[in-house]
$ cat final-v3.csv   # CSV, C-alpha atoms and all ligand atoms
chain,number,residue,atom,x,y,z
B,1,MET,CA,105.8,100.6,75.0
B,2,THR,CA,105.2,103.2,77.8
B,3,THR,CA,107.7,103.4,80.6
B,4,SER,CA,106.0,103.2,84.0
B,5,ILE,CA,108.9,103.5,86.5
B,6,VAL,CA,112.5,104.6,86.1
B,7,VAL,CA,114.9,104.0,89.0
B,8,ASP,CA,118.2,105.6,88.1
B,9,ASN,CA,121.3,105.0,90.2
B,10,VAL,CA,119.3,105.4,93.4
B,11,SER,CA,120.9,105.3,96.9
B,12,LYS,CA,119.5,105.7,100.4
B,13,THR,CA,121.6,106.1,103.4
B,14,PHE,CA,120.4,105.6,107.0
B,15,ARG,CA,122.0,106.2,110.3
B,16,TYR,CA,122.4,103.2,112.6
B,17,GLN,CA,120.9,105.3,115.5
B,18,TYR,CA,122.8,103.5,118.2
B,19,ASN,CA,122.2,104.8,121.7
B,20,ARG,CA,125.4,105.3,123.7
B,21,THR,CA,126.4,102.1,125.4
B,22,LEU,CA,126.4,102.0,129.2
B,23,LYS,CA,130.2,101.6,129.0
B,24,GLN,CA,130.5,104.8,127.0
B,25,MET,CA,128.1,106.7,129.3
B,26,LEU,CA,130.0,105.7,132.4
B,27,ARG,CA,133.5,106.7,131.1
B,28,PRO,CA,134.7,109.3,133.6
B,29,ASP,CA,136.5,111.4,130.9
B,30,ARG,CA,133.9,113.2,128.9
B,31,ARG,CA,136.2,113.3,125.8
B,32,LYS,CA,136.4,109.5,125.9
B,33,ARG,CA,132.6,109.0,126.1
B,34,ASP,CA,132.6,108.8,122.3
B,35,ALA,CA,133.0,105.3,120.9
B,36,GLU,CA,136.4,103.7,120.6
B,37,PRO,CA,137.3,102.8,116.9
B,38,ASP,CA,135.8,99.3,117.3
B,39,GLU,CA,132.6,100.4,119.0
B,40,PRO,CA,129.4,101.5,117.3
B,41,ARG,CA,129.0,105.3,117.1
B,42,PRO,CA,125.7,107.2,117.0
B,43,SER,CA,126.8,108.8,113.8
B,44,ASP,CA,127.6,105.6,111.8
B,45,THR,CA,125.7,105.3,108.6
B,46,PHE,CA,125.1,102.6,106.0
B,47,LYS,CA,123.6,102.4,102.5
B,48,ALA,CA,120.3,100.6,102.5
B,49,LEU,CA,120.2,101.1,98.7
B,50,ASP,CA,123.3,101.5,96.7
B,51,GLY,CA,123.3,102.5,93.0
B,52,VAL,CA,120.0,100.7,92.2
B,53,SER,CA,118.9,101.1,88.5
B,54,PHE,CA,116.1,99.5,86.5
B,55,GLU,CA,113.1,100.4,84.3
B,56,VAL,CA,109.6,99.0,84.3
B,57,THR,CA,107.3,99.1,81.3
B,58,GLN,CA,103.6,99.8,81.9
B,59,GLY,CA,101.7,96.6,82.6
B,60,GLU,CA,104.8,94.7,83.8
B,61,SER,CA,104.4,92.7,87.1
B,62,ILE,CA,107.6,92.8,89.1
B,63,GLY,CA,108.4,90.5,92.0
B,64,LEU,CA,110.8,92.2,94.4
B,65,MET,CA,112.7,89.6,96.3
B,66,GLY,CA,115.7,89.5,98.6
B,67,LEU,CA,116.7,88.5,102.1
B,68,ASN,CA,115.5,90.4,105.2
B,69,GLY,CA,117.0,93.8,105.3
B,70,SER,CA,118.1,93.8,101.7
B,71,GLY,CA,116.2,97.1,101.0
B,72,LYS,CA,112.9,96.0,99.4
B,73,SER,CA,110.6,98.1,101.6
B,74,THR,CA,112.9,101.1,101.3
B,75,LEU,CA,112.9,100.8,97.5
B,76,LEU,CA,109.0,100.6,97.5
B,77,LYS,CA,108.9,103.7,99.7
B,78,LEU,CA,111.1,105.6,97.2
B,79,VAL,CA,108.9,104.4,94.3
B,80,SER,CA,105.7,105.4,96.0
B,81,GLY,CA,107.2,108.8,97.0
B,82,VAL,CA,106.8,108.2,100.8
B,83,MET,CA,110.6,108.7,101.0
B,84,VAL,CA,113.1,110.5,98.8
B,85,PRO,CA,116.4,109.1,97.6
B,86,ASP,CA,119.6,110.8,98.6
B,87,GLY,CA,121.3,109.9,95.4
B,88,GLY,CA,119.9,109.3,91.9
B,89,GLN,CA,116.3,109.7,90.9
B,90,VAL,CA,113.0,107.8,90.7
B,91,LEU,CA,110.4,108.7,88.0
B,92,THR,CA,106.9,107.2,88.0
B,93,ARG,CA,104.0,107.7,85.5
B,94,GLY,CA,100.4,107.9,86.8
B,95,ARG,CA,98.6,107.3,90.0
B,96,ILE,CA,100.1,105.0,92.6
B,97,SER,CA,98.1,102.8,95.0
B,98,GLY,CA,98.9,99.9,97.2
B,99,LEU,CA,99.8,98.7,100.6
B,100,ILE,CA,103.2,99.7,101.7
B,101,ALA,CA,102.9,99.5,105.5
B,102,THR,CA,99.9,97.9,107.1
B,103,GLY,CA,97.5,100.5,108.3
B,104,ALA,CA,99.8,103.4,107.4
B,105,GLY,CA,97.7,106.7,107.5
B,106,PHE,CA,95.0,105.3,109.7
B,107,HIS,CA,93.7,107.2,112.7
B,108,ASN,CA,93.3,105.0,115.7
B,109,GLU,CA,90.5,107.0,117.3
B,110,LEU,CA,88.3,107.0,114.1
B,111,SER,CA,86.1,104.1,113.1
B,112,GLY,CA,86.9,101.7,110.2
B,113,ARG,CA,84.1,103.4,108.2
B,114,ASP,CA,85.6,106.9,108.7
B,115,ASN,CA,89.1,105.6,108.0
B,116,ILE,CA,88.0,104.1,104.7
B,117,TYR,CA,86.8,107.6,103.7
B,118,MET,CA,90.0,109.3,105.0
B,119,ASN,CA,92.4,106.7,103.5
B,120,ALA,CA,90.6,106.6,100.1
B,121,ALA,CA,90.6,110.4,100.0
B,122,MET,CA,94.4,110.4,100.7
B,123,LEU,CA,94.9,108.0,97.8
B,124,GLY,CA,93.1,110.5,95.5
B,125,MET,CA,89.5,109.3,95.4
B,126,SER,CA,86.6,111.8,95.4
B,127,LYS,CA,83.8,111.7,97.9
B,128,GLU,CA,81.4,110.5,95.1
B,129,GLU,CA,83.9,107.8,94.1
B,130,ILE,CA,84.2,106.6,97.7
B,131,ASP,CA,80.4,106.6,98.2
B,132,SER,CA,79.9,104.4,95.1
B,133,LYS,CA,82.7,102.0,96.1
B,134,PHE,CA,82.1,102.0,99.8
B,135,ASP,CA,80.0,98.8,100.0
B,136,ASP,CA,82.6,96.9,97.9
B,137,ILE,CA,85.4,98.2,100.1
B,138,ALA,CA,83.6,97.2,103.3
B,139,ALA,CA,82.7,93.8,101.8
B,140,PHE,CA,86.3,93.2,100.8
B,141,ALA,CA,87.6,94.2,104.3
B,142,ASP,CA,84.9,91.9,105.9
B,143,VAL,CA,85.5,93.1,109.4
B,144,GLY,CA,81.8,92.7,110.4
B,145,ARG,CA,80.5,94.9,113.1
B,146,GLN,CA,84.0,96.1,113.9
B,147,LEU,CA,83.6,98.5,110.9
B,148,ASP,CA,82.0,101.1,113.3
B,149,MET,CA,84.6,100.6,116.0
B,150,PRO,CA,87.8,102.7,116.4
B,151,VAL,CA,90.5,101.0,114.4
B,152,GLY,CA,92.8,101.4,117.5
B,153,ASN,CA,91.0,98.3,118.8
B,154,TYR,CA,91.5,96.3,115.6
B,155,SER,CA,93.7,93.2,115.5
B,156,SER,CA,96.7,93.5,113.1
B,157,GLY,CA,94.9,91.3,110.6
B,158,GLN,CA,91.7,93.5,110.7
B,159,PHE,CA,94.0,96.6,110.2
B,160,ALA,CA,95.6,95.0,107.1
B,161,ARG,CA,92.2,94.0,105.7
B,162,LEU,CA,91.0,97.6,105.9
B,163,GLY,CA,94.1,99.0,104.3
B,164,PHE,CA,94.2,96.5,101.5
B,165,ALA,CA,90.5,96.8,100.8
B,166,VAL,CA,90.9,100.5,100.2
B,167,ALA,CA,94.1,100.2,98.2
B,168,VAL,CA,92.7,97.6,95.7
B,169,HIS,CA,89.6,99.9,95.0
B,170,VAL,CA,91.7,102.9,93.9
B,171,ASP,CA,91.9,103.4,90.1
B,172,CYS,CA,95.7,103.5,89.6
B,173,ASP,CA,98.5,103.0,87.1
B,174,ILE,CA,101.0,101.4,89.5
B,175,PHE,CA,100.0,99.0,92.3
B,176,ILE,CA,102.5,98.4,95.1
B,177,ALA,CA,102.0,95.5,97.5
B,178,ASP,CA,104.3,94.9,100.4
B,179,GLU,CA,103.6,92.6,103.4
B,180,VAL,CA,100.4,91.3,101.7
B,181,LEU,CA,101.1,87.7,102.8
B,182,ALA,CA,102.7,88.6,106.1
B,183,VAL,CA,99.4,89.3,107.9
B,184,GLY,CA,95.9,88.2,107.4
B,185,ASP,CA,94.4,84.7,107.5
B,186,ARG,CA,94.5,82.2,104.7
B,187,PRO,CA,91.1,83.1,103.2
B,188,PHE,CA,92.1,86.8,103.2
B,189,LYS,CA,95.5,86.1,101.6
B,190,ARG,CA,93.8,84.1,98.9
B,191,LYS,CA,91.3,86.9,98.3
B,192,CYS,CA,94.2,89.4,98.1
B,193,LEU,CA,96.2,87.3,95.6
B,194,LYS,CA,93.1,86.8,93.5
B,195,ARG,CA,92.5,90.6,93.4
B,196,MET,CA,96.1,91.3,92.6
B,197,LYS,CA,95.9,88.8,89.7
B,198,GLU,CA,92.9,90.8,88.4
B,199,ILE,CA,94.9,94.1,88.9
B,200,ARG,CA,97.8,92.6,86.9
B,201,GLU,CA,95.5,91.4,84.1
B,202,SER,CA,94.0,94.8,83.7
B,203,GLY,CA,97.4,96.2,82.6
B,204,ILE,CA,98.3,98.0,85.8
B,205,THR,CA,102.0,97.9,86.6
B,206,MET,CA,102.5,95.8,89.7
B,207,PHE,CA,105.4,95.8,92.2
B,208,TYR,CA,105.0,92.9,94.6
B,209,VAL,CA,107.3,92.2,97.5
B,210,SER,CA,107.3,88.6,98.6
B,211,HIS,CA,109.5,85.9,100.1
B,212,SER,CA,107.2,83.4,98.6
B,213,ALA,CA,108.6,81.8,95.4
B,214,GLY,CA,105.3,80.3,94.6
B,215,SER,CA,103.3,83.5,94.6
B,216,VAL,CA,106.0,85.4,92.7
B,217,GLN,CA,106.0,82.7,90.0
B,218,LYS,CA,102.2,82.9,89.8
B,219,MET,CA,102.0,86.6,89.9
B,220,CYS,CA,105.0,88.1,88.2
B,221,ASP,CA,106.7,88.3,84.7
B,222,ARG,CA,110.0,89.4,86.1
B,223,ALA,CA,111.8,89.5,89.4
B,224,ILE,CA,114.4,91.8,90.8
B,225,VAL,CA,116.5,90.4,93.7
B,226,LEU,CA,118.0,92.9,96.0
B,227,ASP,CA,121.2,91.8,97.6
B,228,ARG,CA,122.5,94.0,100.5
B,229,GLY,CA,121.1,97.1,98.8
B,230,LYS,CA,122.2,96.4,95.3
B,231,VAL,CA,120.4,94.7,92.4
B,232,GLY,CA,121.8,91.2,92.6
B,233,PHE,CA,119.6,89.8,89.8
B,234,ASP,CA,117.0,91.3,87.4
B,235,GLY,CA,115.2,89.0,84.9
B,236,ASP,CA,113.4,85.7,84.7
B,237,VAL,CA,111.4,84.7,87.8
B,238,ASP,CA,112.7,81.1,87.9
B,239,GLU,CA,116.3,82.3,87.5
B,240,ALA,CA,115.7,84.8,90.4
B,241,ILE,CA,114.5,82.0,92.6
B,242,LYS,CA,117.5,79.9,91.8
B,243,TYR,CA,119.7,82.9,92.5
B,244,LEU,CA,118.2,83.3,95.9
B,245,HIS,CA,118.4,79.6,96.9
B,246,TYR,CA,121.9,79.4,95.6
B,247,ASP,CA,122.9,82.4,97.7
B,248,ASP,CA,121.3,81.7,101.1
B,249,GLY,CA,122.6,78.1,101.2
B,250,ASP,CA,119.7,77.1,103.5
B,251,GLU,CA,119.7,73.3,103.7
B,252,ASP,CA,117.7,72.8,106.9
B,253,GLY,CA,114.4,72.2,105.1
B,254,ASP,CA,112.5,75.0,106.9
B,255,GLU,CA,112.3,77.2,103.9
B,256,ASP,CA,111.2,74.3,101.7
B,257,ASP,CA,108.2,73.8,104.1
B,258,VAL,CA,107.3,77.5,103.8
B,259,ASP,CA,107.7,77.3,100.0
B,260,GLU,CA,105.3,74.3,99.9
B,261,ARG,CA,102.7,76.2,101.9
B,262,ASP,CA,103.1,79.2,99.7
B,263,GLU,CA,102.9,77.0,96.6
B,264,ALA,CA,99.6,75.5,97.8
B,265,LEU,CA,98.3,79.0,98.5
B,266,ALA,CA,99.4,80.3,95.1
B,267,SER,CA,97.9,77.3,93.3
B,268,ASP,CA,94.5,78.1,95.0
B,269,ILE,CA,94.2,81.4,93.1
B,301,LIG,N1,114.1,104.7,108.7
B,301,LIG,C1,115.1,103.9,108.9
B,301,LIG,N2,116.2,104.3,109.6
B,301,LIG,C2,117.3,103.5,109.8
B,301,LIG,N3,117.4,102.3,109.2
B,301,LIG,C3,116.4,101.8,108.4
B,301,LIG,C4,115.2,102.6,108.2
B,301,LIG,N4,114.4,101.9,107.3
B,301,LIG,C5,115.1,100.8,107.0
B,301,LIG,N5,116.3,100.7,107.7
B,301,LIG,C6,117.3,99.7,107.5
B,301,LIG,O1,117.5,99.5,106.1
B,301,LIG,C7,117.8,98.2,105.8
B,301,LIG,C8,116.8,97.8,104.7
B,301,LIG,O2,115.5,97.7,105.3
B,301,LIG,P1,114.2,97.3,104.5
B,301,LIG,O3,113.0,97.4,105.4
B,301,LIG,O4,114.2,98.1,103.2
B,301,LIG,O5,114.5,95.8,104.1
B,301,LIG,P2,113.6,94.6,103.5
B,301,LIG,O6,114.3,94.0,102.4
B,301,LIG,O7,112.2,95.2,103.2
B,301,LIG,O8,113.5,93.6,104.7
B,301,LIG,P3,112.4,92.5,105.1
B,301,LIG,O9,112.4,91.4,104.2
B,301,LIG,O10,112.9,92.1,106.5
B,301,LIG,O11,111.0,93.2,105.2
B,301,LIG,C9,117.6,97.4,107.1
B,301,LIG,O12,118.9,97.2,107.6
B,301,LIG,C10,116.8,98.3,108.0
B,301,LIG,O13,117.2,98.1,109.4

$ encode --input "final-v3.csv" --output "structure tokens"
Amino acid sequence: MTTSIVVDNVSKTFRYQYNRTLKQMLRPDRRKRDAEPDEPRPSDTFKALDGVSFEVTQGESIGLMGLNGSGKSTLLKLVSGVMVPDGGQVLTRGRISGLIATGAGFHNELSGRDNIYMNAAMLGMSKEEIDSKFDDIAAFADVGRQLDMPVGNYSSGQFARLGFAVAVHVDCDIFIADEVLAVGDRPFKRKCLKRMKEIRESGITMFYVSHSAGSVQKMCDRAIVLDRGKVGFDGDVDEAIKYLHYDDGDEDGDEDDVDERDEALASDI
């Protein structure tokens, strides 16, 4: 079996980037303008990812789960090469496509049509390839007459439609999907999930970030749960979901409502 992704002891450190507090700025003594030991300092850092290791075989479909801020998007940025780790290494085999941040790489002053060409070229498609797939991409995005308007005037959903439409038409070996269900209306989400199912069935490695238990169950063979920057769980999807529910202790029922809606959406596919 061919290895598609190797993430080996990867760490990523960020700065908190605090601004000086008003109290610190107003301190008369310049030497004391720096933070007291119990106050945030502009130089404070934290590890968004800490010693993360796993391997993915070509064709596997991985659901990446975890609470807000656990490091999922950061990990996808490292896998896609948008960001570099400051410890460990990430190895990937083949061309990567997908949607990491909605509308990333779009130029606001250009039309949707021009952005399709530009974005597809950035993802490695030739002019001929884009010409031949253009109608399918535009049909998938389905933004109507807005296609010839500057994307700066698009709604966030229209932005996402365009980005996703291009990403799913790139021939790739690894497909990365973040925020797919966060924007876009229900018919578009359904269309995205259907297309991702086709991508998965064609043997492309898939990395899918989702808070939705239903769609991960439907879409993935394995789930990795990040827990404050570390791998908390790696294995069976149902076990991963149990791990998450056990850990967050949410008993107010809100999450169950969300799960039910996601479940309904996933069962539509
Ligand atoms: N460029 C950056 N500079 C500083 N901190 C960052 C940066 N990018 C992410 N972070 C921080 O790293 C942590 C992990 O963020 P990340 O976006 O990877 O989480 P996530 O698991 O994708 O969260 P969510 O489920 O909310 O999308 C968060 O605390 C976030 O504030």

$ residues_near_ligand --input "final-v3.csv" --ligand "ligand LIG 301 (chain B)" --cutoff "10 Å" --atoms "all atoms listed in the file" --output "PyMOL selection string"
chain B and resi 12-17+45-49+64-77+83+178-179+182+209-211+225-229

$ atom_distance --input "final-v3.csv" --atom1 "atom CA of B:Gln89" --atom2 "atom CA of B:Val231"
15.6 Å

$ residues_around --input "final-v3.csv" --residues "B:Glu60" --least-positions-apart "5" --cutoff "12 Å" --atoms "only C-alpha atoms" --output "short mmCIF file (atom, residue, chain, number, x, y, z; two decimals) with C-alpha atoms, keeping the file's coordinate frame"
data_model
loop_
_atom_site.label_atom_id
_atom_site.label_comp_id
_atom_site.auth_asym_id
_atom_site.auth_seq_id
_atom_site.Cartn_x
_atom_site.Cartn_y
_atom_site.Cartn_z
CA MET B 1 105.80 100.60 75.00
CA THR B 2 105.20 103.20 77.80
CA THR B 3 107.70 103.40 80.60
CA SER B 4 106.00 103.20 84.00
CA ILE B 5 108.90 103.50 86.50
CA GLU B 55 113.10 100.40 84.30
CA ASP B 173 98.50 103.00 87.10
CA ILE B 174 101.00 101.40 89.50
CA PHE B 175 100.00 99.00 92.30
CA ILE B 199 94.90 94.10 88.90
CA ARG B 200 97.80 92.60 86.90
CA GLU B 201 95.50 91.40 84.10
CA SER B 202 94.00 94.80 83.70
CA GLY B 203 97.40 96.20 82.60
CA ILE B 204 98.30 98.00 85.80
CA THR B 205 102.00 97.90 86.60
CA MET B 206 102.50 95.80 89.70
CA PHE B 207 105.40 95.80 92.20
CA TYR B 208 105.00 92.90 94.60
CA MET B 219 102.00 86.60 89.90
CA CYS B 220 105.00 88.10 88.20
CA ASP B 221 106.70 88.30 84.70
CA ARG B 222 110.00 89.40 86.10
CA ALA B 223 111.80 89.50 89.40
CA GLY B 235 115.20 89.00 84.90
#

$ closest_residue --input "final-v3.csv" --among "B:Gly214, B:Ala141, B:Phe134, B:Ser97" --to "B:Val168" --atoms "all atoms listed in the file"
B:Ser97

$ closest_residue --input "final-v3.csv" --among "B:His107, B:Lys23, B:Lys218, B:Arg93" --to "B:Tyr154" --atoms "all atoms listed in the file"
B:His107

$ closest_residue --input "final-v3.csv" --among "B:Asp142, B:Asp131, B:Glu198, B:Asp171" --to "B:Ile96" --atoms "all atoms listed in the file"
B:Asp171

$ atom_distance --input "final-v3.csv" --atom1 "atom CA of B:Leu99" --atom2 "atom CA of B:Ala177"
5.0 Å

$ closest_residue --input "final-v3.csv" --among "B:Ser80, B:Gln217, B:Ser111, B:Ser212" --to "B:Asn153" --atoms "all atoms listed in the file"
B:Ser111

$ atom_distance --input "final-v3.csv" --atom1 "atom CA of B:Gly157" --atom2 "atom CA of B:Phe188"
9.1 Å
